[in-house]
$ cat target.cif   # mmCIF, C-alpha atoms
data_coords
loop_
_atom_site.label_atom_id
_atom_site.label_comp_id
_atom_site.auth_asym_id
_atom_site.auth_seq_id
_atom_site.Cartn_x
_atom_site.Cartn_y
_atom_site.Cartn_z
CA MET A 1 21.71 -6.58 -21.85
CA GLU A 2 20.44 -4.86 -18.71
CA LEU A 3 20.62 -5.81 -15.07
CA LYS A 4 17.53 -4.57 -13.22
CA VAL A 5 17.49 -4.03 -9.44
CA ASN A 6 14.58 -3.03 -7.24
CA ILE A 7 14.26 -3.15 -3.46
CA LEU A 8 10.66 -4.32 -3.11
CA GLY A 9 10.70 -3.63 0.62
CA SER A 10 13.23 -3.16 3.39
CA GLY A 11 12.78 -2.89 7.13
CA SER A 12 11.17 -4.71 10.02
CA SER A 13 7.92 -4.99 8.04
CA GLY A 14 9.57 -7.11 5.36
CA ASN A 15 12.66 -7.39 3.16
CA SER A 16 12.81 -8.51 -0.46
CA ILE A 17 15.08 -7.56 -3.38
CA PHE A 18 14.48 -8.19 -7.08
CA ILE A 19 17.49 -8.70 -9.36
CA GLY A 20 16.93 -9.69 -12.97
CA THR A 21 18.32 -9.87 -16.49
CA ASP A 22 16.77 -10.95 -19.78
CA LYS A 23 17.66 -14.54 -18.89
CA VAL A 24 17.10 -14.93 -15.14
CA LYS A 25 15.07 -13.29 -12.37
CA LEU A 26 15.91 -13.64 -8.68
CA LEU A 27 14.51 -12.60 -5.33
CA ILE A 28 16.76 -12.17 -2.33
CA ASP A 29 14.59 -12.86 0.71
CA ALA A 30 10.80 -13.03 0.85
CA GLY A 31 9.85 -10.94 3.85
CA LEU A 32 6.57 -9.80 2.27
CA SER A 33 3.49 -11.96 1.85
CA CYS A 34 3.11 -13.81 -1.43
CA ARG A 35 0.28 -11.47 -2.45
CA GLU A 36 2.21 -8.31 -1.57
CA THR A 37 5.33 -9.58 -3.32
CA GLU A 38 3.25 -10.19 -6.45
CA ARG A 39 1.70 -6.72 -6.22
CA ARG A 40 5.04 -4.94 -5.90
CA LEU A 41 6.59 -6.97 -8.72
CA ASN A 42 3.63 -6.07 -10.93
CA LEU A 43 4.35 -2.38 -10.31
CA MET A 44 7.67 -2.84 -12.12
CA GLY A 45 6.27 -5.02 -14.88
CA GLU A 46 7.41 -8.34 -13.44
CA GLN A 47 5.52 -11.51 -12.48
CA LEU A 48 6.12 -13.68 -9.43
CA SER A 49 5.55 -16.77 -11.58
CA ASN A 50 8.64 -15.81 -13.61
CA ILE A 51 11.02 -15.76 -10.64
CA ASP A 52 13.67 -18.44 -11.18
CA ALA A 53 15.10 -18.61 -7.68
CA LEU A 54 14.64 -17.29 -4.16
CA LEU A 55 17.78 -16.74 -2.07
CA ILE A 56 17.36 -16.65 1.71
CA SER A 57 19.80 -14.67 3.87
CA HIS A 58 18.57 -15.93 7.26
CA GLU A 59 15.53 -17.20 9.10
CA HIS A 60 14.13 -14.06 10.76
CA HIS A 61 10.45 -13.45 10.04
CA ASP A 62 10.94 -10.21 8.12
CA HIS A 63 13.01 -12.11 5.55
CA ILE A 64 11.02 -15.33 5.08
CA VAL A 65 7.31 -14.74 5.70
CA GLY A 66 6.36 -15.35 2.06
CA ALA A 67 9.07 -17.86 1.16
CA SER A 68 7.23 -21.11 1.81
CA VAL A 69 4.07 -20.09 -0.06
CA ILE A 70 6.01 -18.68 -3.02
CA SER A 71 8.19 -21.78 -3.27
CA ARG A 72 5.25 -24.20 -3.12
CA ARG A 73 2.85 -22.24 -5.31
CA TYR A 74 5.28 -21.45 -8.12
CA LYS A 75 7.74 -24.35 -7.68
CA THR A 76 10.45 -21.75 -7.15
CA HIS A 77 13.82 -23.11 -6.08
CA LEU A 78 14.80 -21.93 -2.61
CA TYR A 79 18.55 -21.38 -2.17
CA ILE A 80 19.32 -21.63 1.54
CA ASN A 81 22.06 -22.89 3.82
CA GLU A 82 21.64 -25.91 6.05
CA LYS A 83 21.54 -24.20 9.46
CA THR A 84 18.99 -21.63 8.27
CA LEU A 85 16.80 -24.39 6.82
CA GLU A 86 16.98 -26.34 10.08
CA ALA A 87 15.96 -23.24 12.04
CA LEU A 88 13.00 -22.67 9.72
CA LYS A 89 11.84 -26.27 9.96
CA ARG A 90 11.64 -25.90 13.74
CA GLY A 91 9.14 -23.13 13.04
CA ASN A 92 6.85 -25.31 10.87
CA PHE A 93 8.31 -24.12 7.57
CA HIS A 94 7.58 -26.43 4.63
CA THR A 95 9.15 -26.60 1.18
CA SER A 96 10.49 -29.35 -1.04
CA ASN A 97 12.29 -27.13 -3.56
CA THR A 98 15.45 -26.39 -1.58
CA VAL A 99 18.96 -26.05 -2.97
CA LEU A 100 21.57 -26.06 -0.20
CA ILE A 101 24.23 -23.37 -0.39
CA GLU A 102 27.17 -22.48 1.82
CA GLY A 103 28.98 -19.27 2.62
CA GLY A 104 32.13 -18.96 0.53
CA ASN A 105 30.97 -21.38 -2.17
CA PRO A 106 29.95 -19.57 -5.39
CA PHE A 107 27.22 -20.88 -7.65
CA ARG A 108 25.54 -19.75 -10.85
CA ILE A 109 21.89 -19.15 -11.69
CA GLY A 110 21.57 -18.38 -15.38
CA ASP A 111 23.93 -15.54 -16.25
CA ILE A 112 24.37 -14.39 -12.63
CA GLU A 113 27.13 -15.72 -10.39
CA VAL A 114 26.19 -15.67 -6.70
CA ILE A 115 28.80 -15.58 -3.93
CA PRO A 116 27.27 -15.98 -0.45
CA PHE A 117 29.33 -14.86 2.54
CA SER A 118 28.86 -14.94 6.31
CA VAL A 119 27.77 -11.80 8.16
CA PRO A 120 27.66 -11.10 11.93
CA HIS A 121 24.00 -11.23 13.01
CA ASP A 122 21.98 -13.05 15.67
CA ALA A 123 20.69 -15.83 13.42
CA ALA A 124 21.65 -19.46 12.76
CA ASP A 125 24.03 -18.83 9.84
CA PRO A 126 23.25 -15.45 8.23
CA LEU A 127 24.50 -14.54 4.77
CA GLY A 128 25.23 -11.54 2.62
CA PHE A 129 25.57 -11.88 -1.13
CA ASN A 130 27.71 -10.76 -4.03
CA LEU A 131 26.09 -11.09 -7.43
CA VAL A 132 28.21 -10.77 -10.55
CA CYS A 133 26.81 -10.35 -14.05
CA GLY A 134 29.28 -9.55 -16.80
CA HIS A 135 31.51 -6.77 -15.49
CA ILE A 136 28.98 -5.60 -12.87
CA LYS A 137 29.37 -6.55 -9.19
CA LEU A 138 26.60 -6.14 -6.61
CA GLY A 139 26.97 -6.35 -2.83
CA ILE A 140 24.07 -6.97 -0.45
CA ALA A 141 24.34 -6.84 3.35
CA ILE A 142 21.15 -5.70 5.06
CA ASP A 143 21.17 -7.41 8.47
CA LEU A 144 24.50 -7.28 10.29
CA GLY A 145 25.75 -5.85 13.54
CA SER A 146 29.44 -5.34 12.85
CA LEU A 147 31.97 -5.19 10.04
CA SER A 148 34.18 -8.25 9.83
CA HIS A 149 37.20 -8.40 7.54
CA LEU A 150 35.24 -10.76 5.29
CA VAL A 151 32.32 -8.33 4.98
CA ARG A 152 34.68 -5.50 4.11
CA GLU A 153 36.38 -7.54 1.41
CA ARG A 154 33.16 -8.86 -0.13
CA LEU A 155 31.60 -5.38 -0.33
CA ARG A 156 34.71 -3.59 -1.56
CA GLY A 157 34.50 -2.05 -5.02
CA CYS A 158 30.89 -2.95 -5.83
CA ASP A 159 29.13 -1.13 -8.65
CA LEU A 160 25.88 -1.30 -6.67
CA LEU A 161 25.64 -1.74 -2.92
CA VAL A 162 22.62 -2.47 -0.73
CA LEU A 163 23.78 -1.71 2.81
CA GLU A 164 22.07 -1.53 6.16
CA ALA A 165 21.77 1.89 7.81
CA ASN A 166 19.40 0.89 10.58
CA HIS A 167 19.58 3.57 13.24
CA ASP A 168 21.03 6.81 14.48
CA ILE A 169 22.99 5.99 17.62
CA GLU A 170 21.68 8.89 19.71
CA MET A 171 18.09 8.36 18.57
CA LEU A 172 18.34 4.71 19.56
CA LYS A 173 19.88 5.45 22.96
CA ASN A 174 17.24 8.08 23.75
CA GLY A 175 14.35 6.26 22.09
CA PRO A 176 11.44 4.22 23.46
CA TYR A 177 12.90 0.71 23.14
CA PRO A 178 13.59 -1.28 26.34
CA TRP A 179 17.25 -1.25 27.29
CA GLU A 180 17.73 -4.93 26.49
CA VAL A 181 16.45 -4.32 22.94
CA LYS A 182 18.77 -1.34 22.56
CA GLN A 183 21.67 -3.52 23.67
CA ARG A 184 20.78 -6.17 21.09
CA VAL A 185 20.50 -3.62 18.27
CA MET A 186 23.86 -2.04 19.16
CA SER A 187 25.66 -5.35 19.67
CA ARG A 188 28.09 -6.88 17.18
CA LEU A 189 25.30 -9.27 16.17
CA GLY A 190 22.63 -6.59 15.91
CA HIS A 191 22.25 -3.87 13.28
CA LEU A 192 24.51 -1.28 11.64
CA SER A 193 24.06 2.37 12.54
CA ASN A 194 24.29 5.26 10.09
CA GLU A 195 27.75 5.93 11.47
CA ASP A 196 28.83 2.29 11.00
CA ALA A 197 27.63 2.30 7.40
CA ALA A 198 29.43 5.58 6.70
CA ALA A 199 32.70 4.28 8.15
CA LEU A 200 32.47 1.24 5.90
CA LEU A 201 31.69 3.32 2.82
CA LYS A 202 34.76 5.48 3.33
CA GLU A 203 36.87 2.33 3.33
CA ILE A 204 35.37 0.25 0.51
CA VAL A 205 33.89 2.63 -2.05
CA GLU A 206 35.84 2.98 -5.29
CA PRO A 207 35.42 5.32 -8.28
CA ARG A 208 33.50 2.57 -10.13
CA SER A 209 30.78 2.51 -7.45
CA GLN A 210 27.60 3.87 -9.03
CA TYR A 211 24.64 3.16 -6.77
CA LEU A 212 23.99 2.87 -3.04
CA PHE A 213 20.74 1.76 -1.42
CA LEU A 214 20.34 2.45 2.31
CA ALA A 215 18.45 -0.52 3.72
CA HIS A 216 16.63 -1.75 6.81
CA MET A 217 16.10 1.76 8.18
CA SER A 218 14.22 1.97 11.47
CA LYS A 219 11.06 4.08 11.52
CA VAL A 220 11.58 4.71 15.24
CA ASN A 221 15.33 5.23 15.60
CA ASN A 222 16.35 6.84 12.33
CA LEU A 223 15.48 9.64 9.94
CA PRO A 224 16.02 9.50 6.17
CA GLN A 225 17.86 12.81 6.17
CA LEU A 226 20.31 11.56 8.81
CA ALA A 227 21.07 8.37 6.91
CA LEU A 228 21.53 10.32 3.68
CA TYR A 229 23.76 12.90 5.35
CA HIS A 230 26.18 10.32 6.75
CA SER A 231 26.36 8.24 3.58
CA GLN A 232 26.76 11.16 1.19
CA LYS A 233 29.46 12.68 3.39
CA ALA A 234 31.28 9.34 3.42
CA LEU A 235 31.13 9.08 -0.37
CA ARG A 236 32.63 12.56 -0.74
CA GLU A 237 35.41 11.67 1.68
CA ALA A 238 36.07 8.54 -0.40
CA ASN A 239 36.44 10.81 -3.46
CA ASN A 240 33.40 9.34 -5.11
CA HIS A 241 31.27 12.21 -6.39
CA LEU A 242 29.25 10.22 -8.92
CA ALA A 243 27.45 7.53 -6.90
CA ARG A 244 23.71 8.02 -6.49
CA VAL A 245 22.20 7.28 -3.07
CA PHE A 246 18.69 5.89 -2.73
CA LEU A 247 16.41 5.28 0.21
CA THR A 248 14.49 2.04 0.64
CA TYR A 249 11.05 1.76 2.19
CA GLN A 250 8.95 -0.61 4.25
CA ASP A 251 5.65 0.18 2.55
CA LYS A 252 6.64 0.59 -1.11
CA PRO A 253 9.37 -0.37 -3.60
CA SER A 254 12.45 1.73 -4.18
CA GLU A 255 13.43 3.35 -7.44
CA ILE A 256 14.25 0.84 -10.19
CA ILE A 257 17.88 0.78 -11.31
CA LYS A 258 18.92 -0.52 -14.74
CA ILE A 259 22.60 -1.16 -15.43
CA ARG A 260 23.98 -2.12 -18.82
CA VAL A 261 26.17 -5.22 -18.59
#
$ encode --input "target.cif" --output "structure tokens"
Amino acid sequence: MELKVNILGSGSSGNSIFIGTDKVKLLIDAGLSCRETERRLNLMGEQLSNIDALLISHEHHDHIVGASVISRRYKTHLYINEKTLEALKRGNFHTSNTVLIEGGNPFRIGDIEVIPFSVPHDAADPLGFNLVCGHIKLGIAIDLGSLSHLVRERLRGCDLLVLEANHDIEMLKNGPYPWEVKQRVMSRLGHLSNEDAAALLKEIVEPRSQYLFLAHMSKVNNLPQLALYHSQKALREANNHLARVFLTYQDKPSEIIKIRV
């Protein structure tokens, strides 16, 4: 059996991740429109109508813009925690297919075990996710401003990691954003820099780690070559010379990864 992973989109224009096996197909976040989500799934031979569940990390627009329509149109179950759902309802968000989840409480969808965990970000109750299928462990943390002990432990030793590398610190400091926005991005509830991501990788990567996706990269305050440089250097320093590093994109899907489980 294969586990298939594709980052449909990542960045301020919309975040959505496909994870599927022969038995179950999931989306983590729905930051693209329903139509665009369908189009990008079709590119990899998948159908939106076949998605079994939609997991929501937090309520920011670039993670939920298509969630309500997808859930209502396809009767897709929406896995979401209570505080995030309350925040969305204040914004006129409607769905009747919700399944309440909580950080630290594992649950199973088909042959995939999901372990949500809290991450530091300026949202109601933001989550990262571990997904375990057979002997394969995935870690997903794409909107977080700092590296708590919990985040480190949940992401340690993953076979595949989707990790935020939002900005280059100097590019952000010298860039066009207003100072208050720069402060938010650099805060402990903002976004991880290339340097932050690299420091984490040196600590948590193990020889079993096979794949790394660099996520939520800023078009204004980062460059792909900078993000790649820092992450690849960190992997070498962690004595992992086998892991493949992939970029993610705002306007197109990433490369498709298939892992035998």
$ resolve_selection --input "target.cif" --expression "the PyMOL selection byres ((chain A and resi 215) around 7)" --output "ChimeraX atom specification"
/A:10,142,162-165,213-214,216-217,248
$ resolve_selection --input "target.cif" --expression "the PyMOL selection byres ((chain A and resi 77) around 9)" --output "list of chain:residue names"
A:Asp52, A:Ala53, A:Leu54, A:Leu55, A:Ser71, A:Tyr74, A:Lys75, A:Thr76, A:Leu78, A:Tyr79, A:Ser96, A:Asn97, A:Thr98, A:Val99
$ closest_residue --input "target.cif" --among "A:Ile80, A:Val220, A:Cys133, A:Leu155" --to "A:Gly175" --atoms "only C-alpha atoms"
A:Val220
$ residues_around --input "target.cif" --residues "A:Arg188" --least-positions-apart "5" --cutoff "9 Å" --atoms "all atoms listed in the file" --output "list in words"
Pro120, His121, Asp122, Leu144, Gly145, Ser146 and Leu147 of chain A
$ resolve_selection --input "target.cif" --expression "the PyMOL selection byres ((chain A and resi 156) around 10)" --output "VMD selection string"
chain A and resid 137 to 139 150 to 155 157 to 159 161 200 to 201 203 to 206 209
$ residues_around --input "target.cif" --residues "stretch 232-247 of chain A" --least-positions-apart "6" --cutoff "6 Å" --atoms "all atoms listed in the file" --output "ChimeraX atom specification"
/A:198,202,207,210-214
$ atom_distance --input "target.cif" --atom1 "atom CA of A:Arg208" --atom2 "atom CA of A:Ser57"
26.1 Å
$ residues_around --input "target.cif" --residues "A:Thr84" --least-positions-apart "3" --cutoff "6 Å" --atoms "all atoms listed in the file" --output "list in words"
His58, Glu59, Asn81, Ala87, Ala124 and Asp125 of chain A
$ atom_distance --input "target.cif" --atom1 "atom CA of A:Pro126" --atom2 "atom CA of A:Ile140"
12.2 Å
$ closest_residue --input "target.cif" --among "A:Ile136, A:Ser12, A:Gly66, A:Arg40" --to "A:Lys252" --atoms "only C-alpha atoms"
A:Arg40
$ residues_around --input "target.cif" --residues "A:Gly45" --least-positions-apart "6" --cutoff "12 Å" --atoms "all atoms listed in the file" --output "JSON, numbers by chain"
{"A": [4, 6, 18, 20, 38, 39, 256]}
$ closest_residue --input "target.cif" --among "A:Leu127, A:Ile115, A:Ile56, A:Leu41" --to "A:Asp143" --atoms "only C-alpha atoms"
A:Leu127
$ closest_residue --input "target.cif" --among "A:Ile257, A:Leu189, A:Val65, A:Ala197" --to "A:Asp29" --atoms "all atoms listed in the file"
A:Val65
$ atom_distance --input "target.cif" --atom1 "atom CA of A:Thr95" --atom2 "atom CA of A:Ala67"
8.7 Å
$ closest_residue --input "target.cif" --among "A:Phe117, A:Met186, A:Gly31, A:Ile7" --to "A:His63" --atoms "only C-alpha atoms"
A:Gly31
$ residues_around --input "target.cif" --residues "A:Glu82" --least-positions-apart "3" --cutoff "7 Å" --atoms "only C-alpha atoms" --output "ChimeraX atom specification"
/A:85-86,100
$ residues_near_point --input "target.cif" --point "(28.0, -15.1, -1.8)" --cutoff "8 Å" --atoms "all atoms listed in the file" --output "ChimeraX atom specification"
/A:103-106,114-117,127-131
$ closest_residue --input "target.cif" --among "A:Lys83, A:Asp251, A:His167, A:Met44" --to "A:Ile101" --atoms "only C-alpha atoms"
A:Lys83
$ build_atoms --input "target.cif" --residues "stretch 45-76 of chain A" --atoms "N, CA and C atoms" --output "compact mmCIF listing (two decimals), keeping the file's coordinate frame"
# COMPACT_ATOMS: atom_id res chain seq x y z
N GLY A 45 6.44 -4.25 -13.66
CA GLY A 45 6.27 -5.02 -14.88
C GLY A 45 6.78 -6.44 -14.81
N GLU A 46 6.93 -6.97 -13.61
CA GLU A 46 7.41 -8.34 -13.44
C GLU A 46 6.32 -9.21 -12.83
N GLN A 47 6.48 -10.54 -12.99
CA GLN A 47 5.52 -11.51 -12.48
C GLN A 47 6.21 -12.46 -11.51
N LEU A 48 5.55 -12.76 -10.41
CA LEU A 48 6.12 -13.68 -9.43
C LEU A 48 6.30 -15.08 -10.03
N SER A 49 5.44 -15.45 -10.94
CA SER A 49 5.55 -16.77 -11.58
C SER A 49 6.80 -16.91 -12.43
N ASN A 50 7.44 -15.79 -12.78
CA ASN A 50 8.64 -15.81 -13.61
C ASN A 50 9.94 -15.78 -12.80
N ILE A 51 9.82 -15.77 -11.48
CA ILE A 51 11.02 -15.76 -10.64
C ILE A 51 11.67 -17.14 -10.69
N ASP A 52 12.95 -17.18 -11.03
CA ASP A 52 13.67 -18.44 -11.18
C ASP A 52 14.18 -19.00 -9.87
N ALA A 53 14.52 -18.13 -8.93
CA ALA A 53 15.10 -18.61 -7.68
C ALA A 53 14.89 -17.59 -6.58
N LEU A 54 14.80 -18.10 -5.36
CA LEU A 54 14.64 -17.29 -4.16
C LEU A 54 15.81 -17.60 -3.24
N LEU A 55 16.62 -16.58 -2.94
CA LEU A 55 17.78 -16.74 -2.07
C LEU A 55 17.41 -16.22 -0.68
N ILE A 56 17.71 -17.02 0.34
CA ILE A 56 17.36 -16.65 1.71
C ILE A 56 18.63 -16.30 2.49
N SER A 57 18.63 -15.11 3.10
CA SER A 57 19.80 -14.67 3.87
C SER A 57 19.83 -15.27 5.27
N HIS A 58 18.67 -15.33 5.92
CA HIS A 58 18.57 -15.93 7.26
C HIS A 58 17.11 -16.11 7.61
N GLU A 59 16.86 -16.69 8.78
CA GLU A 59 15.53 -17.20 9.10
C GLU A 59 14.61 -16.21 9.80
N HIS A 60 15.00 -14.99 10.06
CA HIS A 60 14.13 -14.06 10.76
C HIS A 60 12.88 -13.75 9.94
N HIS A 61 11.78 -13.53 10.65
CA HIS A 61 10.45 -13.45 10.04
C HIS A 61 10.37 -12.42 8.93
N ASP A 62 11.03 -11.28 9.12
CA ASP A 62 10.94 -10.21 8.12
C ASP A 62 11.75 -10.49 6.85
N HIS A 63 12.30 -11.70 6.76
CA HIS A 63 13.01 -12.11 5.55
C HIS A 63 12.42 -13.37 4.90
N ILE A 64 11.48 -14.03 5.59
CA ILE A 64 11.02 -15.33 5.08
C ILE A 64 9.50 -15.52 5.07
N VAL A 65 8.74 -14.52 5.47
CA VAL A 65 7.31 -14.74 5.70
C VAL A 65 6.59 -15.26 4.46
N GLY A 66 7.02 -14.88 3.27
CA GLY A 66 6.36 -15.35 2.06
C GLY A 66 7.06 -16.49 1.36
N ALA A 67 8.21 -16.93 1.88
CA ALA A 67 9.07 -17.86 1.16
C ALA A 67 8.41 -19.21 0.92
N SER A 68 7.81 -19.78 1.95
CA SER A 68 7.23 -21.11 1.81
C SER A 68 6.09 -21.13 0.80
N VAL A 69 5.20 -20.15 0.87
CA VAL A 69 4.07 -20.09 -0.06
C VAL A 69 4.56 -19.87 -1.49
N ILE A 70 5.49 -18.94 -1.68
CA ILE A 70 6.01 -18.68 -3.02
C ILE A 70 6.67 -19.93 -3.60
N SER A 71 7.48 -20.59 -2.79
CA SER A 71 8.19 -21.78 -3.27
C SER A 71 7.23 -22.89 -3.65
N ARG A 72 6.20 -23.11 -2.84
CA ARG A 72 5.25 -24.20 -3.12
C ARG A 72 4.32 -23.84 -4.28
N ARG A 73 3.84 -22.62 -4.30
CA ARG A 73 2.85 -22.24 -5.31
C ARG A 73 3.46 -22.18 -6.70
N TYR A 74 4.68 -21.67 -6.80
CA TYR A 74 5.28 -21.45 -8.12
C TYR A 74 6.44 -22.41 -8.41
N LYS A 75 6.64 -23.39 -7.51
CA LYS A 75 7.74 -24.35 -7.68
C LYS A 75 9.09 -23.65 -7.81
N THR A 76 9.22 -22.55 -7.10
CA THR A 76 10.45 -21.75 -7.15
C THR A 76 11.53 -22.40 -6.29
